[in-house]
Amino acid sequence: MTIGLEHYLVLSAILFSIGLYGALAKHNAIVILMSIEIMLSAVNIALIAFSRFIVPAELTGQIFALFAMAVAAAETAVGLAIIISIYRNKETIDANKIDLMKW
Amino acid sequence: MGQVIAFWVFAVAIIGAALGVVLLKNVFRAAVLLVACFFGVAGIFILLSADFLAAMQILIYIGAISILVILAIMLTREVAFGSPSNKFQIPAFIIAALFCTGVIWAILNTQWQISSVAPGATTTSGLGVKLFSKDGFILPVEILPTVLLATILGAIVLVKDRKK
C-alpha cells in the first residue's frame, strides 16, 4: 500500500472540517482564531499535495502555500490585536457578548 | 514502507491534536495542542518533499504564531471561563460533517492526473528562482512586505493605550 494524493487530500478535508466546527461552535474569540489557523494549515497541506503529485517540477503550489503562511501570520497578529483591544474596552472576549457592530 | 507508517502516525497525531484544540475546555491546553498540530503538519510537509516549507512552518507557526496566541491567552485572563460551546454546537457539527463528506466524495470521485516525475531532492533553490526571477512571482513578493508593514502598524495602533 502506498500513500497517494487522495490520502493527503482526505486528511486536509478532515482537518479543515474540524477547524470549521471550532470556528462556528465556540464562545472564546481566541479559540475561534486557533480554529482558523487549523483551517489554514489544512489548505496548505492540500496545496503542497497538489504541487507534489500533479506538477512536481513546477513548485507553484509550494509558492502559494508560502504566501498563505505569510498572510496567516499577518491575520493572526491583527486578529489578536483586535481581541486584546476589545478585552480592554469590554473586559470580555466572549464572541456572543461582543455586539459593538450589531444594529 | 517507512513513509506509509510516518504518514499514518502524523495523520493520527494531527487529527487528534486538532480535535483536542476544538473540544478541550482548558484554553491553555488547547493552545499547547495547537503546537502539536503544527508539528504534525510540518512532518506532513517533509513527507511531501517540501523541506523549505517544513522549516518555515516550524519557524512561523510554532515559533511566532503559537507564542502570540499563548501571550494573548495570558493577557486576557479568560482561562477561568474555559472554552464552552455556544448554542450552535449541533448545527455547526452538522455543517462540518456535511462539508467533510461532500469534499471527500468529490476527492474520491475525481480522476487526478498524477505526474510520474520524481520531485527534486531539495526545493529551496527552485523556490528562490521561482520567487525572484523576472517571469516568476516577483510582484507578489514585493506586495507582501507592504501587507506585513500595514499589519505591524495596524497591530501597534490597535493595542496602543489611548487612556492617559
# chains A, B, ... in the order shown; residues from 1 in each chain; ligands from 1
>>> residues_around(residues="segment 72-77 of chain A", least_positions_apart="2", cutoff="12 Å", atoms="only C-alpha atoms", output="JSON, numbers by chain")
{"A": [29, 30, 31, 32, 33, 34, 35, 36, 37, 38, 39, 40, 41, 43, 44, 65, 66, 67, 68, 69, 70, 79, 80, 81, 82, 83, 84], "B": [56, 57, 59, 60, 61, 62, 63, 64, 65, 66, 67, 68, 69, 70, 71, 72, 144, 145, 146, 147, 148, 149, 150, 151, 152, 153, 154, 155, 156, 158, 159]}
>>> select_by_dssp(residues="segment 101-141 of chain B", states="alpha helix (DSSP H)", output="PyMOL selection string")
chain B and resi 101-108+124-132+138-141
>>> residues_around(residues="Gln111 of chain B", least_positions_apart="2", cutoff="12 Å", atoms="only C-alpha atoms", output="NGL selection string")
(:A and (5-6 or 54)) or (:B and (106-109 or 113-114))
>>> atom_distance(atom1="atom CA of Asn26 of chain B", atom2="atom CA of Ile93 of chain A")
15.1 Å
>>> interface_residues(of="chain B", to="chain A", cutoff="6 Å", atoms="only C-alpha atoms", output="list in words")
Val22, Ser83, Ser85, Asn86, Phe88, Gln89, Ala92, Phe93, Ala96, Cys100, Ile104, Ile114, Ser115, Pro119, Thr151, Ala155, Leu158 and Val159 of chain B
>>> write_last_selection(atoms="N, CA and C atoms", output="PDB file, in the first residue's frame")
ATOM      1  N   VAL B  22     -10.249  21.813  19.537  1.00  0.00           N
ATOM      2  CA  VAL B  22     -11.646  22.213  19.392  1.00  0.00           C
ATOM      3  C   VAL B  22     -12.481  21.785  20.599  1.00  0.00           C
ATOM      4  N   SER B  83     -13.500  27.120  27.518  1.00  0.00           N
ATOM      5  CA  SER B  83     -13.852  27.296  26.117  1.00  0.00           C
ATOM      6  C   SER B  83     -15.142  26.536  25.836  1.00  0.00           C
ATOM      7  N   SER B  85     -18.933  25.540  24.351  1.00  0.00           N
ATOM      8  CA  SER B  85     -19.557  25.638  23.038  1.00  0.00           C
ATOM      9  C   SER B  85     -20.802  26.513  23.143  1.00  0.00           C
ATOM     10  N   ASN B  86     -21.137  27.183  22.052  1.00  0.00           N
ATOM     11  CA  ASN B  86     -22.333  28.020  22.085  1.00  0.00           C
ATOM     12  C   ASN B  86     -23.557  27.219  21.652  1.00  0.00           C
ATOM     13  N   PHE B  88     -24.990  26.961  18.964  1.00  0.00           N
ATOM     14  CA  PHE B  88     -24.954  26.430  17.606  1.00  0.00           C
ATOM     15  C   PHE B  88     -24.124  25.156  17.501  1.00  0.00           C
ATOM     16  N   GLN B  89     -23.860  24.481  18.636  1.00  0.00           N
ATOM     17  CA  GLN B  89     -22.961  23.335  18.609  1.00  0.00           C
ATOM     18  C   GLN B  89     -23.436  22.256  17.636  1.00  0.00           C
ATOM     19  N   ALA B  92     -23.494  23.425  13.950  1.00  0.00           N
ATOM     20  CA  ALA B  92     -22.113  23.546  13.478  1.00  0.00           C
ATOM     21  C   ALA B  92     -21.536  22.175  13.169  1.00  0.00           C
ATOM     22  N   PHE B  93     -21.838  21.189  14.049  1.00  0.00           N
ATOM     23  CA  PHE B  93     -21.337  19.837  13.793  1.00  0.00           C
ATOM     24  C   PHE B  93     -21.931  19.284  12.506  1.00  0.00           C
ATOM     25  N   ALA B  96     -20.236  20.967   9.515  1.00  0.00           N
ATOM     26  CA  ALA B  96     -18.869  20.479   9.313  1.00  0.00           C
ATOM     27  C   ALA B  96     -18.886  19.061   8.755  1.00  0.00           C
ATOM     28  N   CYS B 100     -17.458  17.886   5.192  1.00  0.00           N
ATOM     29  CA  CYS B 100     -16.406  16.864   5.135  1.00  0.00           C
ATOM     30  C   CYS B 100     -16.797  15.750   4.177  1.00  0.00           C
ATOM     31  N   ILE B 104     -14.870  14.888   0.658  1.00  0.00           N
ATOM     32  CA  ILE B 104     -14.227  13.579   0.493  1.00  0.00           C
ATOM     33  C   ILE B 104     -14.842  12.843  -0.697  1.00  0.00           C
ATOM     34  N   ILE B 114      -2.091  12.205 -12.057  1.00  0.00           N
ATOM     35  CA  ILE B 114      -0.877  12.099 -11.265  1.00  0.00           C
ATOM     36  C   ILE B 114       0.326  12.097 -12.206  1.00  0.00           C
ATOM     37  N   SER B 115       1.288  12.977 -11.923  1.00  0.00           N
ATOM     38  CA  SER B 115       2.506  13.007 -12.721  1.00  0.00           C
ATOM     39  C   SER B 115       3.488  11.974 -12.190  1.00  0.00           C
ATOM     40  N   PRO B 119      10.003  14.236  -7.586  1.00  0.00           N
ATOM     41  CA  PRO B 119      10.302  15.590  -7.121  1.00  0.00           C
ATOM     42  C   PRO B 119      11.799  15.763  -6.892  1.00  0.00           C
ATOM     43  N   THR B 151       0.287  45.431   8.554  1.00  0.00           N
ATOM     44  CA  THR B 151      -0.055  44.612   9.719  1.00  0.00           C
ATOM     45  C   THR B 151       0.617  45.132  10.974  1.00  0.00           C
ATOM     46  N   ALA B 155      -1.426  46.619  14.055  1.00  0.00           N
ATOM     47  CA  ALA B 155      -1.392  45.983  15.371  1.00  0.00           C
ATOM     48  C   ALA B 155      -0.951  46.979  16.437  1.00  0.00           C
ATOM     49  N   LEU B 158      -3.807  49.385  17.137  1.00  0.00           N
ATOM     50  CA  LEU B 158      -4.942  48.774  17.814  1.00  0.00           C
ATOM     51  C   LEU B 158      -4.689  48.567  19.301  1.00  0.00           C
ATOM     52  N   VAL B 159      -3.468  48.148  19.679  1.00  0.00           N
ATOM     53  CA  VAL B 159      -3.246  47.821  21.080  1.00  0.00           C
ATOM     54  C   VAL B 159      -2.702  49.007  21.879  1.00  0.00           C
TER      55      VAL B 159
END
>>> residues_around(residues="Phe52 of chain B", least_positions_apart="3", cutoff="9 Å", atoms="only C-alpha atoms", output="PDB file with C-alpha atoms, in the first residue's frame")
ATOM      1  CA  PHE B  45       5.299  18.734   4.554  1.00  0.00           C
ATOM      2  CA  ILE B  46       8.545  16.755   4.849  1.00  0.00           C
ATOM      3  CA  SER B  49       9.276  16.633  -0.025  1.00  0.00           C
ATOM      4  CA  ALA B  55      11.244  24.705   8.100  1.00  0.00           C
ATOM      5  CA  MET B  56       9.055  27.783   7.542  1.00  0.00           C
ATOM      6  CA  GLN B  57       6.115  26.018   9.188  1.00  0.00           C
ATOM      7  CA  THR B 122      15.705  19.991  -2.363  1.00  0.00           C
ATOM      8  CA  THR B 123      13.212  22.742  -3.073  1.00  0.00           C
ATOM      9  CA  THR B 124      14.951  25.817  -1.631  1.00  0.00           C
ATOM     10  CA  LEU B 127      11.630  28.218  -4.817  1.00  0.00           C
TER      11      LEU B 127
END
>>> decode(residues="segment 28-147 of chain B", atoms="C-alpha atoms", output="PDB file, in the first residue's frame")
ATOM      1  CA  PHE B  28      -4.185  26.856  27.571  1.00  0.00           C
ATOM      2  CA  ARG B  29      -4.103  23.095  26.901  1.00  0.00           C
ATOM      3  CA  ALA B  30      -5.832  23.773  23.588  1.00  0.00           C
ATOM      4  CA  ALA B  31      -3.018  26.189  22.664  1.00  0.00           C
ATOM      5  CA  VAL B  32      -0.351  23.584  23.534  1.00  0.00           C
ATOM      6  CA  LEU B  33      -2.179  21.004  21.403  1.00  0.00           C
ATOM      7  CA  LEU B  34      -2.238  23.562  18.565  1.00  0.00           C
ATOM      8  CA  VAL B  35       1.581  23.490  18.678  1.00  0.00           C
ATOM      9  CA  ALA B  36       1.482  19.675  18.401  1.00  0.00           C
ATOM     10  CA  CYS B  37      -0.877  20.000  15.439  1.00  0.00           C
ATOM     11  CA  PHE B  38       1.546  22.398  13.696  1.00  0.00           C
ATOM     12  CA  PHE B  39       4.454  19.984  14.305  1.00  0.00           C
ATOM     13  CA  GLY B  40       2.451  17.209  12.649  1.00  0.00           C
ATOM     14  CA  VAL B  41       1.714  19.441   9.666  1.00  0.00           C
ATOM     15  CA  ALA B  42       5.456  20.170   9.347  1.00  0.00           C
ATOM     16  CA  GLY B  43       6.070  16.402   9.291  1.00  0.00           C
ATOM     17  CA  ILE B  44       3.480  16.003   6.518  1.00  0.00           C
ATOM     18  CA  PHE B  45       5.299  18.734   4.554  1.00  0.00           C
ATOM     19  CA  ILE B  46       8.545  16.755   4.849  1.00  0.00           C
ATOM     20  CA  LEU B  47       6.756  13.624   3.579  1.00  0.00           C
ATOM     21  CA  LEU B  48       5.584  15.708   0.598  1.00  0.00           C
ATOM     22  CA  SER B  49       9.276  16.633  -0.025  1.00  0.00           C
ATOM     23  CA  ALA B  50       8.671  20.319   0.771  1.00  0.00           C
ATOM     24  CA  ASP B  51      11.670  20.783   3.037  1.00  0.00           C
ATOM     25  CA  PHE B  52      11.831  24.591   2.922  1.00  0.00           C
ATOM     26  CA  LEU B  53       8.136  24.908   3.770  1.00  0.00           C
ATOM     27  CA  ALA B  54       8.511  22.474   6.662  1.00  0.00           C
ATOM     28  CA  ALA B  55      11.244  24.705   8.100  1.00  0.00           C
ATOM     29  CA  MET B  56       9.055  27.783   7.542  1.00  0.00           C
ATOM     30  CA  GLN B  57       6.115  26.018   9.188  1.00  0.00           C
ATOM     31  CA  ILE B  58       8.190  25.418  12.309  1.00  0.00           C
ATOM     32  CA  LEU B  59       9.658  28.940  12.314  1.00  0.00           C
ATOM     33  CA  ILE B  60       6.477  30.910  11.572  1.00  0.00           C
ATOM     34  CA  TYR B  61       3.708  28.820  13.090  1.00  0.00           C
ATOM     35  CA  ILE B  62       5.439  27.236  16.078  1.00  0.00           C
ATOM     36  CA  GLY B  63       7.973  29.994  16.680  1.00  0.00           C
ATOM     37  CA  ALA B  64       5.776  33.046  16.168  1.00  0.00           C
ATOM     38  CA  ILE B  65       2.047  32.361  15.949  1.00  0.00           C
ATOM     39  CA  SER B  66       1.882  29.926  18.884  1.00  0.00           C
ATOM     40  CA  ILE B  67       3.794  32.349  21.111  1.00  0.00           C
ATOM     41  CA  LEU B  68       1.423  35.149  20.074  1.00  0.00           C
ATOM     42  CA  VAL B  69      -1.651  33.012  20.831  1.00  0.00           C
ATOM     43  CA  ILE B  70      -0.331  31.934  24.243  1.00  0.00           C
ATOM     44  CA  LEU B  71       0.596  35.550  25.058  1.00  0.00           C
ATOM     45  CA  ALA B  72      -2.936  36.672  24.145  1.00  0.00           C
ATOM     46  CA  ILE B  73      -4.436  33.934  26.338  1.00  0.00           C
ATOM     47  CA  MET B  74      -2.320  35.120  29.265  1.00  0.00           C
ATOM     48  CA  LEU B  75      -3.154  38.798  28.670  1.00  0.00           C
ATOM     49  CA  THR B  76      -6.914  38.315  28.537  1.00  0.00           C
ATOM     50  CA  ARG B  77      -7.409  36.203  31.702  1.00  0.00           C
ATOM     51  CA  GLU B  78     -10.270  34.272  30.144  1.00  0.00           C
ATOM     52  CA  VAL B  79      -8.736  30.891  31.067  1.00  0.00           C
ATOM     53  CA  ALA B  80     -11.055  30.664  34.069  1.00  0.00           C
ATOM     54  CA  PHE B  81     -14.135  30.640  31.836  1.00  0.00           C
ATOM     55  CA  GLY B  82     -12.765  27.826  29.682  1.00  0.00           C
ATOM     56  CA  SER B  83     -13.852  27.296  26.117  1.00  0.00           C
ATOM     57  CA  PRO B  84     -17.537  26.312  26.158  1.00  0.00           C
ATOM     58  CA  SER B  85     -19.557  25.638  23.038  1.00  0.00           C
ATOM     59  CA  ASN B  86     -22.333  28.020  22.085  1.00  0.00           C
ATOM     60  CA  LYS B  87     -25.935  27.201  21.202  1.00  0.00           C
ATOM     61  CA  PHE B  88     -24.954  26.430  17.606  1.00  0.00           C
ATOM     62  CA  GLN B  89     -22.961  23.335  18.609  1.00  0.00           C
ATOM     63  CA  ILE B  90     -25.215  20.794  16.880  1.00  0.00           C
ATOM     64  CA  PRO B  91     -25.856  22.832  13.674  1.00  0.00           C
ATOM     65  CA  ALA B  92     -22.113  23.546  13.478  1.00  0.00           C
ATOM     66  CA  PHE B  93     -21.337  19.837  13.793  1.00  0.00           C
ATOM     67  CA  ILE B  94     -23.876  19.002  11.073  1.00  0.00           C
ATOM     68  CA  ILE B  95     -22.448  21.672   8.735  1.00  0.00           C
ATOM     69  CA  ALA B  96     -18.869  20.479   9.313  1.00  0.00           C
ATOM     70  CA  ALA B  97     -19.843  16.811   8.805  1.00  0.00           C
ATOM     71  CA  LEU B  98     -21.777  17.584   5.609  1.00  0.00           C
ATOM     72  CA  PHE B  99     -18.870  19.656   4.287  1.00  0.00           C
ATOM     73  CA  CYS B 100     -16.406  16.864   5.135  1.00  0.00           C
ATOM     74  CA  THR B 101     -18.446  14.134   3.419  1.00  0.00           C
ATOM     75  CA  GLY B 102     -19.052  16.333   0.366  1.00  0.00           C
ATOM     76  CA  VAL B 103     -15.372  17.180  -0.087  1.00  0.00           C
ATOM     77  CA  ILE B 104     -14.227  13.579   0.493  1.00  0.00           C
ATOM     78  CA  TRP B 105     -16.833  12.348  -2.024  1.00  0.00           C
ATOM     79  CA  ALA B 106     -15.516  14.855  -4.564  1.00  0.00           C
ATOM     80  CA  ILE B 107     -11.891  13.867  -3.893  1.00  0.00           C
ATOM     81  CA  LEU B 108     -12.528  10.149  -4.305  1.00  0.00           C
ATOM     82  CA  ASN B 109     -14.623  10.560  -7.465  1.00  0.00           C
ATOM     83  CA  THR B 110     -12.184  12.752  -9.392  1.00  0.00           C
ATOM     84  CA  GLN B 111      -9.654  11.318 -11.821  1.00  0.00           C
ATOM     85  CA  TRP B 112      -6.464  13.114 -10.761  1.00  0.00           C
ATOM     86  CA  GLN B 113      -3.746  13.341 -13.394  1.00  0.00           C
ATOM     87  CA  ILE B 114      -0.877  12.099 -11.265  1.00  0.00           C
ATOM     88  CA  SER B 115       2.506  13.007 -12.721  1.00  0.00           C
ATOM     89  CA  SER B 116       5.190  10.337 -12.632  1.00  0.00           C
ATOM     90  CA  VAL B 117       8.058  12.842 -12.446  1.00  0.00           C
ATOM     91  CA  ALA B 118      10.070  12.430  -9.261  1.00  0.00           C
ATOM     92  CA  PRO B 119      10.302  15.590  -7.121  1.00  0.00           C
ATOM     93  CA  GLY B 120      13.668  17.292  -6.764  1.00  0.00           C
ATOM     94  CA  ALA B 121      15.922  16.483  -3.840  1.00  0.00           C
ATOM     95  CA  THR B 122      15.705  19.991  -2.363  1.00  0.00           C
ATOM     96  CA  THR B 123      13.212  22.742  -3.073  1.00  0.00           C
ATOM     97  CA  THR B 124      14.951  25.817  -1.631  1.00  0.00           C
ATOM     98  CA  SER B 125      16.889  26.831  -4.748  1.00  0.00           C
ATOM     99  CA  GLY B 126      13.913  26.109  -7.019  1.00  0.00           C
ATOM    100  CA  LEU B 127      11.630  28.218  -4.817  1.00  0.00           C
ATOM    101  CA  GLY B 128      14.179  31.055  -4.788  1.00  0.00           C
ATOM    102  CA  VAL B 129      14.432  31.064  -8.594  1.00  0.00           C
ATOM    103  CA  LYS B 130      10.641  30.960  -8.944  1.00  0.00           C
ATOM    104  CA  LEU B 131      10.081  33.746  -6.421  1.00  0.00           C
ATOM    105  CA  PHE B 132      12.723  36.242  -7.538  1.00  0.00           C
ATOM    106  CA  SER B 133      13.131  35.704 -11.289  1.00  0.00           C
ATOM    107  CA  LYS B 134      11.676  38.275 -13.685  1.00  0.00           C
ATOM    108  CA  ASP B 135       8.991  35.984 -15.128  1.00  0.00           C
ATOM    109  CA  GLY B 136       8.266  34.449 -11.720  1.00  0.00           C
ATOM    110  CA  PHE B 137       6.449  35.771  -8.689  1.00  0.00           C
ATOM    111  CA  ILE B 138       8.442  38.941  -8.065  1.00  0.00           C
ATOM    112  CA  LEU B 139       5.359  41.224  -7.963  1.00  0.00           C
ATOM    113  CA  PRO B 140       3.579  39.281  -5.144  1.00  0.00           C
ATOM    114  CA  VAL B 141       6.916  39.112  -3.328  1.00  0.00           C
ATOM    115  CA  GLU B 142       7.047  42.923  -3.474  1.00  0.00           C
ATOM    116  CA  ILE B 143       3.406  43.366  -2.442  1.00  0.00           C
ATOM    117  CA  LEU B 144       3.712  41.063   0.573  1.00  0.00           C
ATOM    118  CA  PRO B 145       6.100  43.349   2.561  1.00  0.00           C
ATOM    119  CA  THR B 146       3.514  46.132   2.170  1.00  0.00           C
ATOM    120  CA  VAL B 147       0.912  43.827   3.715  1.00  0.00           C
TER     121      VAL B 147
END
